[in-house]
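Report on the structure given below.
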Number of protein chains: 2
Amino acid sequence: MRLSTQSRYGVRAVFDIAYHGGGEGVQIKDIARRQEISPRYLEQIFQKLRDAGIVTSKRGPRGGYSLAKSPEEIRLVDIIRVTEGGLEPVFCVHPEKSGKDCDRVAKCVTRLIWKEAGEKLEDFFDSVTIQDLCEKSELLGVQKERGRSLMYYI
Amino acid sequence: MRLSTQSRYGVRAVFDIAYHGGGEGVQIKDIARRQEISPRYLEQIFQKLRDAGIVTSKRGPRGGYSLAKSPEEIRLVDIIRVTEGGLEPVFCVHPEKSGKDCDRVAKCVTRLIWKEAGEKLEDFFDSVTIQDLCEKSELLGVQKERGRSLMYYI
DNA sequence: ACATTATCTACTAAATTAGTCAAGAAAAAT
DNA sequence: ATTTTTCTTGACTAATTTAGTAGATAATGT
Ligand code: FES
Ligand code: FES
């Protein structure tokens, strides 16, 4: 039962914007550096996040990504749903979504179990917001790297 | 967040023995037929289940697999742990297990979240037994196919 | 005009998963 | 004892998914 790399990176990336951004747009290369993720790979993930309305983007100098909502309003489930394409542990759970439907559905008990498991997971990821992550991170004593200003004034 | 095929098949296979076996040993080919799973592939899964002490095997004519414990005592988490190799959603969660440890652990908030998620899932799969599946299946009205006797007397 | 930074589409490489195969060993039936 | 049935073992292959790379393009600020 493994969370895809895109989901893990995605959550960390959005968190990074919230934590280090301070309202300003944050550039991919900075996120990539801080989170140690390939910048090119991050691009793809941000594509999805943008389409889903979780972040907004701005091109050109001093461009970058910003959160589309406040950190309290972004729940992990929102991110993961986008990067993972659903939290259900098996396709049988939602035959109508995945297109192909399993002909065992009528007599299959396990399907009900997988469905419940998926719901539990969903509930959990729905209960955690980006704001929560920021607070936890402060507790851990992770240094905030505030904005570009540093670069200019050094 | 996908459960591996081995886990899904594994649970269905153990359930099949409980439901259709009636105490007797159940043969791979019968399980494979009823559950529509490749018999060759099932063999591999049963290997793991046997090593984990979930089923016992008996060779030769009228041989097959039986449950090592009663259906109430077999929890889904037992099966899944074997077939999936742990329920943690990412390797960082247990660096000591997976060998390689991530150097971000100290400053990583998401790790704590993944860990919690894994625990939630584990708790859920710990709360469901094979007996539960059997009861659900009877409710669904799935026909029991009792033993070899059928074959002989027809 | 120019440098910067996101956008889009396509491609490649690596890893994992699912599934197959063949030879062998134990147990039961005859 | 011989034959048949069925599990056992370990290697092998194919398919799929995931992770990552690349290049050309569009928008933006200075
Ligand atoms: S519904 Fe498809 S195998 Fe259970
Ligand atoms: S602990 Fe490894 S990335 Fe979080």
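Identifiers in the structure tokens: chain A, B, ... in order shown; residue index from 1 per chain; ligand index from 1 in order shown.
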
So which residues are near ligand 2, meaning at most 7 Å away with only C-alpha atoms (C1' of nucleotides) and all ligand atoms counted, given back as a compact mmCIF listing (two decimals) with C-alpha atoms, in the first residue's frame?
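Written output follows (out_11.txt):
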# COMPACT_ATOMS: atom_id res chain seq x y z
CA CYS B 92 10.87 6.79 5.12
CA VAL B 93 8.42 5.74 7.79
CA CYS B 102 16.39 9.16 4.47
CA ASP B 103 18.52 12.10 5.59
CA ARG B 104 15.51 14.37 5.64
CA VAL B 105 13.88 12.55 8.51
CA CYS B 108 10.36 16.18 7.46
CA VAL B 109 6.78 16.74 8.57
CA THR B 110 5.08 14.66 5.96
CA ARG B 111 6.75 11.55 7.26

When you get a sec, could you note down which chain B residues fall within 9 Å of chain A, using only C-alpha atoms, as a VMD selection string? chain B and resid 1 to 5 8 11 to 12 35 84 to 91 104 106 to 110 113 to 114 116 to 118 120 to 121 124 to 125 128 133 to 134 136 to 137 140 to 142

Dump of N, CA, C and O atoms for the selected residues, as a compact mmCIF listing (two decimals), in the first residue's frame:
# COMPACT_ATOMS: atom_id res chain seq x y z
N MET B 1 -2.90 5.10 -4.27
CA MET B 1 -2.83 4.25 -3.08
C MET B 1 -3.47 2.93 -3.42
O MET B 1 -4.68 2.73 -3.24
N ARG B 2 -2.64 2.08 -3.93
CA ARG B 2 -3.22 0.86 -4.46
C ARG B 2 -2.71 -0.36 -3.71
O ARG B 2 -1.54 -0.48 -3.43
N LEU B 3 -3.64 -1.26 -3.43
CA LEU B 3 -3.28 -2.52 -2.80
C LEU B 3 -2.77 -3.44 -3.89
O LEU B 3 -3.34 -3.50 -4.96
N SER B 4 -1.70 -4.14 -3.63
CA SER B 4 -1.13 -5.00 -4.67
C SER B 4 -2.09 -6.15 -4.99
O SER B 4 -2.90 -6.55 -4.17
N THR B 5 -1.93 -6.66 -6.20
CA THR B 5 -2.76 -7.77 -6.62
C THR B 5 -2.57 -8.96 -5.70
O THR B 5 -3.53 -9.67 -5.39
N ARG B 8 -4.81 -8.58 -2.73
CA ARG B 8 -6.23 -8.79 -3.04
C ARG B 8 -6.50 -10.27 -3.28
O ARG B 8 -7.44 -10.83 -2.71
N VAL B 11 -6.22 -12.38 0.06
CA VAL B 11 -7.40 -12.32 0.93
C VAL B 11 -8.53 -13.16 0.35
O VAL B 11 -9.17 -13.93 1.06
N ARG B 12 -8.74 -13.02 -0.95
CA ARG B 12 -9.82 -13.79 -1.56
C ARG B 12 -9.56 -15.28 -1.46
O ARG B 12 -10.49 -16.07 -1.26
N GLN B 35 -12.33 -18.27 -7.98
CA GLN B 35 -11.95 -16.87 -7.83
C GLN B 35 -11.43 -16.26 -9.13
O GLN B 35 -11.07 -15.08 -9.17
N GLU B 84 1.94 -7.90 1.12
CA GLU B 84 2.28 -6.53 0.74
C GLU B 84 3.65 -6.16 1.28
O GLU B 84 4.31 -5.28 0.74
N GLY B 85 4.05 -6.86 2.33
CA GLY B 85 5.31 -6.49 2.95
C GLY B 85 5.22 -5.18 3.69
O GLY B 85 5.99 -4.27 3.44
N GLY B 86 4.23 -5.08 4.59
CA GLY B 86 4.09 -3.86 5.38
C GLY B 86 3.06 -2.93 4.79
O GLY B 86 2.85 -2.91 3.59
N LEU B 87 2.44 -2.15 5.62
CA LEU B 87 1.35 -1.28 5.17
C LEU B 87 1.77 0.18 5.11
O LEU B 87 1.00 1.03 4.71
N GLU B 88 2.97 0.47 5.52
CA GLU B 88 3.40 1.86 5.52
C GLU B 88 3.39 2.41 4.10
O GLU B 88 3.87 1.74 3.18
N PRO B 89 2.91 3.61 3.93
CA PRO B 89 2.76 4.17 2.59
C PRO B 89 4.09 4.62 1.97
O PRO B 89 4.17 4.85 0.79
N VAL B 90 5.13 4.76 2.76
CA VAL B 90 6.43 5.18 2.22
C VAL B 90 7.56 4.58 3.03
O VAL B 90 7.40 4.27 4.20
N PHE B 91 8.71 4.46 2.40
CA PHE B 91 9.79 3.79 3.08
C PHE B 91 10.37 4.62 4.22
O PHE B 91 10.86 4.09 5.21
N ARG B 104 16.42 13.26 5.38
CA ARG B 104 15.51 14.37 5.64
C ARG B 104 14.65 14.12 6.88
O ARG B 104 13.89 15.00 7.30
N ALA B 106 14.82 14.22 9.98
CA ALA B 106 14.77 15.18 11.10
C ALA B 106 13.86 16.37 10.80
O ALA B 106 13.13 16.84 11.66
N LYS B 107 13.89 16.85 9.57
CA LYS B 107 13.13 18.05 9.24
C LYS B 107 11.88 17.78 8.41
O LYS B 107 11.30 18.69 7.84
N CYS B 108 11.46 16.54 8.35
CA CYS B 108 10.36 16.18 7.46
C CYS B 108 9.05 16.00 8.21
O CYS B 108 8.92 15.11 9.04
N VAL B 109 8.08 16.87 7.90
CA VAL B 109 6.78 16.74 8.57
C VAL B 109 5.91 15.68 7.93
O VAL B 109 5.15 15.01 8.62
N THR B 110 6.00 15.57 6.63
CA THR B 110 5.08 14.66 5.96
C THR B 110 5.26 13.22 6.45
O THR B 110 4.30 12.48 6.55
N ILE B 113 2.90 12.26 8.96
CA ILE B 113 1.55 12.09 8.42
C ILE B 113 1.39 10.72 7.78
O ILE B 113 0.42 10.01 8.01
N TRP B 114 2.36 10.36 6.96
CA TRP B 114 2.28 9.06 6.29
C TRP B 114 2.22 7.95 7.32
O TRP B 114 1.54 6.95 7.15
N GLU B 116 1.02 8.07 10.34
CA GLU B 116 -0.32 8.02 10.94
C GLU B 116 -1.31 7.34 10.00
O GLU B 116 -2.12 6.53 10.42
N ALA B 117 -1.21 7.70 8.72
CA ALA B 117 -2.12 7.11 7.74
C ALA B 117 -1.96 5.60 7.73
O ALA B 117 -2.95 4.85 7.72
N GLY B 118 -0.73 5.15 7.74
CA GLY B 118 -0.46 3.72 7.74
C GLY B 118 -1.06 3.04 8.96
O GLY B 118 -1.62 1.95 8.86
N LYS B 120 -3.67 4.05 10.66
CA LYS B 120 -5.13 4.01 10.51
C LYS B 120 -5.55 2.80 9.68
O LYS B 120 -6.47 2.06 10.02
N LEU B 121 -4.82 2.63 8.60
CA LEU B 121 -5.13 1.54 7.69
C LEU B 121 -4.93 0.20 8.39
O LEU B 121 -5.75 -0.72 8.28
N PHE B 124 -7.65 -0.61 10.70
CA PHE B 124 -8.86 -1.06 10.03
C PHE B 124 -8.75 -2.53 9.61
O PHE B 124 -9.62 -3.34 9.91
N PHE B 125 -7.65 -2.85 8.96
CA PHE B 125 -7.49 -4.23 8.50
C PHE B 125 -7.31 -5.21 9.66
O PHE B 125 -7.44 -6.41 9.50
N VAL B 128 -10.94 -6.51 10.82
CA VAL B 128 -11.75 -7.38 9.96
C VAL B 128 -11.15 -8.78 9.93
O VAL B 128 -9.96 -8.95 9.70
N LEU B 133 -15.86 -11.81 6.63
CA LEU B 133 -16.08 -11.92 5.19
C LEU B 133 -17.08 -13.02 4.88
O LEU B 133 -17.94 -12.85 4.02
N CYS B 134 -16.95 -14.14 5.58
CA CYS B 134 -17.86 -15.25 5.34
C CYS B 134 -19.30 -14.82 5.63
O CYS B 134 -20.21 -15.12 4.85
N LYS B 136 -20.57 -11.80 5.63
CA LYS B 136 -21.01 -10.87 4.59
C LYS B 136 -21.39 -11.61 3.32
O LYS B 136 -22.35 -11.28 2.64
N SER B 137 -20.60 -12.60 3.02
CA SER B 137 -20.82 -13.33 1.78
C SER B 137 -22.14 -14.10 1.82
O SER B 137 -22.86 -14.17 0.83
N LEU B 140 -24.82 -11.84 1.12
CA LEU B 140 -24.91 -11.56 -0.30
C LEU B 140 -25.55 -12.71 -1.06
O LEU B 140 -25.87 -12.59 -2.23
N GLY B 141 -25.66 -13.84 -0.37
CA GLY B 141 -26.26 -14.99 -1.00
C GLY B 141 -25.34 -15.74 -1.95
O GLY B 141 -25.79 -16.35 -2.91
N VAL B 142 -24.06 -15.70 -1.66
CA VAL B 142 -23.12 -16.43 -2.50
C VAL B 142 -23.19 -17.92 -2.17
O VAL B 142 -23.10 -18.31 -1.02

Quick one: which residues from chain A are at most 9 Å off chain C, using only C-alpha atoms (C1' of nucleotides), as a CSV table (one decimal) with N, CA, C and O atoms, in the first residue's frame?
chain,number,residue,atom,x,y,z
A,27,GLN,N,9.3,30.0,-6.6
A,27,GLN,CA,9.8,29.4,-7.9
A,27,GLN,C,10.1,27.9,-7.7
A,27,GLN,O,10.6,27.5,-6.7
A,28,ILE,N,9.9,27.2,-8.8
A,28,ILE,CA,10.1,25.8,-8.8
A,28,ILE,C,11.5,25.4,-8.4
A,28,ILE,O,11.8,24.5,-7.6
A,43,GLU,N,7.7,20.2,-12.2
A,43,GLU,CA,6.9,20.9,-13.2
A,43,GLU,C,5.6,20.1,-13.5
A,43,GLU,O,4.5,20.7,-13.5
A,47,GLN,N,1.7,21.1,-12.8
A,47,GLN,CA,0.7,21.2,-13.8
A,47,GLN,C,-0.7,20.7,-13.3
A,47,GLN,O,-1.7,21.4,-13.4
A,57,SER,N,-0.3,30.2,-10.9
A,57,SER,CA,1.0,30.4,-11.4
A,57,SER,C,1.2,31.8,-12.0
A,57,SER,O,0.2,32.4,-12.4
A,58,LYS,N,2.4,32.2,-12.1
A,58,LYS,CA,2.7,33.5,-12.8
A,58,LYS,C,4.0,33.4,-13.5
A,58,LYS,O,5.0,32.9,-12.9
A,59,ARG,N,4.0,33.7,-14.8
A,59,ARG,CA,5.3,33.5,-15.5
A,59,ARG,C,6.2,34.7,-15.5
A,59,ARG,O,5.8,35.8,-15.0
A,60,GLY,N,7.3,34.6,-16.0
A,60,GLY,CA,8.2,35.7,-16.1
A,60,GLY,C,9.0,35.9,-14.8
A,60,GLY,O,8.8,35.3,-13.8
A,61,PRO,N,9.9,36.9,-14.9
A,61,PRO,CA,10.7,37.3,-13.8
A,61,PRO,C,9.9,37.6,-12.5
A,61,PRO,O,8.8,38.2,-12.6
A,62,ARG,N,10.3,37.1,-11.4
A,62,ARG,CA,9.6,37.2,-10.1
A,62,ARG,C,8.3,36.5,-10.2
A,62,ARG,O,7.4,36.8,-9.4
A,63,GLY,N,8.2,35.6,-11.1
A,63,GLY,CA,7.0,34.7,-11.2
A,63,GLY,C,7.1,33.6,-10.3
A,63,GLY,O,7.9,33.6,-9.4
A,64,GLY,N,6.3,32.6,-10.5
A,64,GLY,CA,6.3,31.4,-9.6
A,64,GLY,C,4.9,30.9,-9.2
A,64,GLY,O,4.0,31.3,-9.9
A,65,TYR,N,4.9,30.1,-8.3
A,65,TYR,CA,3.6,29.5,-7.8
A,65,TYR,C,3.2,30.0,-6.5
A,65,TYR,O,4.0,30.3,-5.6

Go through D:DT16, D:DA11, D:DT6, D:DT30 one by one, measure the shortest atom-to-atom distance of each to chain B using only C-alpha atoms (C1' of nucleotides), and give the residue with the smallest value. D:DT6

Please, which residues of chain B, numbered as in this document, come out strand (DSSP E) from DSSP, as an MDAnalysis selection string? chainID B and resid 55:58 64:67

Hey, can you spit out that residue selection with all heavy atoms as a PDB file, in the first residue's frame?
ATOM      1  N   VAL B  55      -1.900 -20.599   6.485  1.00  0.00           N
ATOM      2  CA  VAL B  55      -2.512 -21.832   5.981  1.00  0.00           C
ATOM      3  C   VAL B  55      -1.532 -22.993   6.166  1.00  0.00           C
ATOM      4  O   VAL B  55      -0.333 -22.780   6.358  1.00  0.00           O
ATOM      5  CB  VAL B  55      -2.871 -21.719   4.482  1.00  0.00           C
ATOM      6  CG1 VAL B  55      -3.853 -20.598   4.243  1.00  0.00           C
ATOM      7  CG2 VAL B  55      -1.622 -21.524   3.647  1.00  0.00           C
ATOM      8  N   THR B  56      -2.078 -24.185   6.119  1.00  0.00           N
ATOM      9  CA  THR B  56      -1.221 -25.375   6.128  1.00  0.00           C
ATOM     10  C   THR B  56      -1.483 -26.130   4.837  1.00  0.00           C
ATOM     11  O   THR B  56      -2.533 -25.966   4.222  1.00  0.00           O
ATOM     12  CB  THR B  56      -1.551 -26.304   7.302  1.00  0.00           C
ATOM     13  OG1 THR B  56      -2.928 -26.665   7.212  1.00  0.00           O
ATOM     14  CG2 THR B  56      -1.309 -25.609   8.629  1.00  0.00           C
ATOM     15  N   SER B  57      -0.517 -26.949   4.437  1.00  0.00           N
ATOM     16  CA  SER B  57      -0.668 -27.633   3.161  1.00  0.00           C
ATOM     17  C   SER B  57      -0.527 -29.140   3.340  1.00  0.00           C
ATOM     18  O   SER B  57       0.058 -29.611   4.310  1.00  0.00           O
ATOM     19  CB  SER B  57       0.395 -27.132   2.196  1.00  0.00           C
ATOM     20  OG  SER B  57       1.680 -27.408   2.727  1.00  0.00           O
ATOM     21  N   LYS B  58      -1.073 -29.838   2.388  1.00  0.00           N
ATOM     22  CA  LYS B  58      -0.975 -31.289   2.407  1.00  0.00           C
ATOM     23  C   LYS B  58      -0.870 -31.747   0.963  1.00  0.00           C
ATOM     24  O   LYS B  58      -1.680 -31.358   0.124  1.00  0.00           O
ATOM     25  CB  LYS B  58      -2.240 -31.862   3.057  1.00  0.00           C
ATOM     26  CG  LYS B  58      -2.099 -33.299   3.530  1.00  0.00           C
ATOM     27  CD  LYS B  58      -3.343 -33.686   4.308  1.00  0.00           C
ATOM     28  CE  LYS B  58      -3.611 -35.177   4.237  1.00  0.00           C
ATOM     29  NZ  LYS B  58      -5.018 -35.483   4.572  1.00  0.00           N
ATOM     30  N   GLY B  64      -4.192 -30.432  -0.420  1.00  0.00           N
ATOM     31  CA  GLY B  64      -4.660 -29.069  -0.606  1.00  0.00           C
ATOM     32  C   GLY B  64      -4.270 -28.191   0.556  1.00  0.00           C
ATOM     33  O   GLY B  64      -3.442 -28.555   1.382  1.00  0.00           O
ATOM     34  N   TYR B  65      -4.866 -27.031   0.583  1.00  0.00           N
ATOM     35  CA  TYR B  65      -4.565 -26.081   1.653  1.00  0.00           C
ATOM     36  C   TYR B  65      -5.726 -25.978   2.631  1.00  0.00           C
ATOM     37  O   TYR B  65      -6.886 -26.070   2.244  1.00  0.00           O
ATOM     38  CB  TYR B  65      -4.288 -24.706   1.056  1.00  0.00           C
ATOM     39  CG  TYR B  65      -2.979 -24.624   0.309  1.00  0.00           C
ATOM     40  CD1 TYR B  65      -2.925 -24.784  -1.060  1.00  0.00           C
ATOM     41  CD2 TYR B  65      -1.793 -24.403   0.999  1.00  0.00           C
ATOM     42  CE1 TYR B  65      -1.720 -24.713  -1.746  1.00  0.00           C
ATOM     43  CE2 TYR B  65      -0.587 -24.320   0.325  1.00  0.00           C
ATOM     44  CZ  TYR B  65      -0.562 -24.480  -1.047  1.00  0.00           C
ATOM     45  OH  TYR B  65       0.635 -24.417  -1.710  1.00  0.00           O
ATOM     46  N   SER B  66      -5.374 -25.800   3.905  1.00  0.00           N
ATOM     47  CA  SER B  66      -6.400 -25.555   4.920  1.00  0.00           C
ATOM     48  C   SER B  66      -5.976 -24.351   5.743  1.00  0.00           C
ATOM     49  O   SER B  66      -4.808 -23.974   5.757  1.00  0.00           O
ATOM     50  CB  SER B  66      -6.528 -26.761   5.856  1.00  0.00           C
ATOM     51  OG  SER B  66      -6.474 -27.961   5.129  1.00  0.00           O
ATOM     52  N   LEU B  67      -6.919 -23.801   6.459  1.00  0.00           N
ATOM     53  CA  LEU B  67      -6.598 -22.694   7.344  1.00  0.00           C
ATOM     54  C   LEU B  67      -5.826 -23.233   8.552  1.00  0.00           C
ATOM     55  O   LEU B  67      -6.146 -24.286   9.084  1.00  0.00           O
ATOM     56  CB  LEU B  67      -7.873 -22.011   7.833  1.00  0.00           C
ATOM     57  CG  LEU B  67      -8.771 -21.428   6.751  1.00  0.00           C
ATOM     58  CD1 LEU B  67      -9.927 -20.666   7.390  1.00  0.00           C
ATOM     59  CD2 LEU B  67      -8.005 -20.528   5.809  1.00  0.00           C
TER      60      LEU B  67
END

DSSP helix (DSSP H, G or I) residues within region 10-128 of chain A, as an mmCIF file with C-alpha atoms, in the first residue's frame:
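Writing done, so here's selection.cif:
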data_model
loop_
_atom_site.group_PDB
_atom_site.id
_atom_site.type_symbol
_atom_site.label_atom_id
_atom_site.label_comp_id
_atom_site.auth_asym_id
_atom_site.auth_seq_id
_atom_site.Cartn_x
_atom_site.Cartn_y
_atom_site.Cartn_z
ATOM 1 C CA GLY A 10 3.048 17.141 -4.280
ATOM 2 C CA VAL A 11 2.202 17.502 -0.627
ATOM 3 C CA ARG A 12 5.721 18.565 0.211
ATOM 4 C CA ALA A 13 5.733 21.103 -2.597
ATOM 5 C CA VAL A 14 2.489 22.731 -1.550
ATOM 6 C CA PHE A 15 3.671 22.749 2.025
ATOM 7 C CA ASP A 16 6.904 24.369 0.918
ATOM 8 C CA ILE A 17 5.063 27.232 -0.717
ATOM 9 C CA ALA A 18 3.014 27.801 2.401
ATOM 10 C CA TYR A 19 5.965 27.572 4.736
ATOM 11 C CA HIS A 20 8.645 29.459 2.874
ATOM 12 C CA GLY A 21 6.579 31.613 0.576
ATOM 13 C CA ILE A 28 10.122 25.759 -8.817
ATOM 14 C CA LYS A 29 13.868 25.826 -8.566
ATOM 15 C CA ASP A 30 13.696 26.985 -4.950
ATOM 16 C CA ILE A 31 11.166 24.341 -4.004
ATOM 17 C CA ALA A 32 13.247 21.769 -5.797
ATOM 18 C CA ARG A 33 16.372 22.823 -3.935
ATOM 19 C CA ARG A 34 14.790 22.891 -0.495
ATOM 20 C CA GLN A 35 12.855 19.663 -0.950
ATOM 21 C CA PRO A 39 12.769 20.501 -10.797
ATOM 22 C CA ARG A 40 11.689 19.024 -14.097
ATOM 23 C CA TYR A 41 9.652 16.409 -12.358
ATOM 24 C CA LEU A 42 8.077 19.015 -10.111
ATOM 25 C CA GLU A 43 6.863 20.887 -13.174
ATOM 26 C CA GLN A 44 4.615 18.006 -14.098
ATOM 27 C CA ILE A 45 3.183 17.776 -10.657
ATOM 28 C CA PHE A 46 2.482 21.491 -10.542
ATOM 29 C CA GLN A 47 0.671 21.175 -13.808
ATOM 30 C CA LYS A 48 -1.861 18.953 -12.120
ATOM 31 C CA LEU A 49 -2.030 21.059 -9.005
ATOM 32 C CA ARG A 50 -2.717 24.108 -11.098
ATOM 33 C CA ASP A 51 -5.442 22.456 -13.150
ATOM 34 C CA PRO A 71 -3.262 26.968 4.061
ATOM 35 C CA GLU A 72 -6.167 26.115 6.384
ATOM 36 C CA GLU A 73 -8.367 25.528 3.389
ATOM 37 C CA LEU A 76 -4.154 16.802 1.936
ATOM 38 C CA VAL A 77 -6.946 14.830 0.367
ATOM 39 C CA ASP A 78 -7.306 17.538 -2.275
ATOM 40 C CA ILE A 79 -3.705 17.190 -3.295
ATOM 41 C CA ILE A 80 -3.573 13.442 -3.153
ATOM 42 C CA ARG A 81 -6.737 13.004 -5.126
ATOM 43 C CA VAL A 82 -5.118 14.928 -7.935
ATOM 44 C CA THR A 83 -1.688 13.334 -7.880
ATOM 45 C CA GLU A 84 -2.889 9.844 -7.145
ATOM 46 C CA GLY A 85 -6.076 9.860 -9.130
ATOM 47 C CA PHE A 91 -10.393 -0.376 -9.452
ATOM 48 C CA CYS A 92 -13.347 -2.633 -8.699
ATOM 49 C CA VAL A 93 -14.463 -0.164 -6.077
ATOM 50 C CA PRO A 95 -16.283 0.436 -11.834
ATOM 51 C CA GLU A 96 -18.222 3.375 -13.186
ATOM 52 C CA LYS A 97 -15.182 5.608 -12.896
ATOM 53 C CA SER A 98 -12.467 3.386 -14.258
ATOM 54 C CA VAL A 105 -18.940 -7.297 -8.342
ATOM 55 C CA ALA A 106 -22.214 -8.953 -7.394
ATOM 56 C CA LYS A 107 -20.645 -11.828 -5.504
ATOM 57 C CA THR A 110 -13.660 -8.069 -0.587
ATOM 58 C CA ARG A 111 -14.722 -5.188 -2.734
ATOM 59 C CA LEU A 112 -16.788 -3.820 0.132
ATOM 60 C CA ILE A 113 -13.792 -4.048 2.412
ATOM 61 C CA TRP A 114 -11.462 -2.225 0.048
ATOM 62 C CA LYS A 115 -14.054 0.433 -0.319
ATOM 63 C CA GLU A 116 -14.289 0.949 3.416
ATOM 64 C CA ALA A 117 -10.521 1.072 3.707
ATOM 65 C CA GLY A 118 -10.362 3.734 1.049
ATOM 66 C CA GLU A 119 -12.937 5.764 2.892
ATOM 67 C CA LYS A 120 -11.009 5.554 6.139
ATOM 68 C CA LEU A 121 -7.941 6.798 4.383
ATOM 69 C CA GLU A 122 -9.847 9.531 2.688
ATOM 70 C CA ASP A 123 -11.303 10.696 5.975
ATOM 71 C CA PHE A 124 -7.888 10.871 7.491
ATOM 72 C CA PHE A 125 -6.335 12.870 4.672
ATOM 73 C CA ASP A 126 -9.365 15.100 4.780
#

Residues of chain D within 8 Å of chain B, counting only C-alpha atoms (C1' of nucleotides), as number ranges by chain: D: 4-7

For CA of Gly23 (chain A) and CA of Lys69 (chain A), the interatomic separation in Å (one decimal): 10.7 Å

Which distance in Å separates CA of Gly53 (chain B) and CA of Ser38 (chain B), to one decimal?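 Atom-to-atom, CA of Gly53 (chain B) to CA of Ser38 (chain B), that is 22.5 Å.
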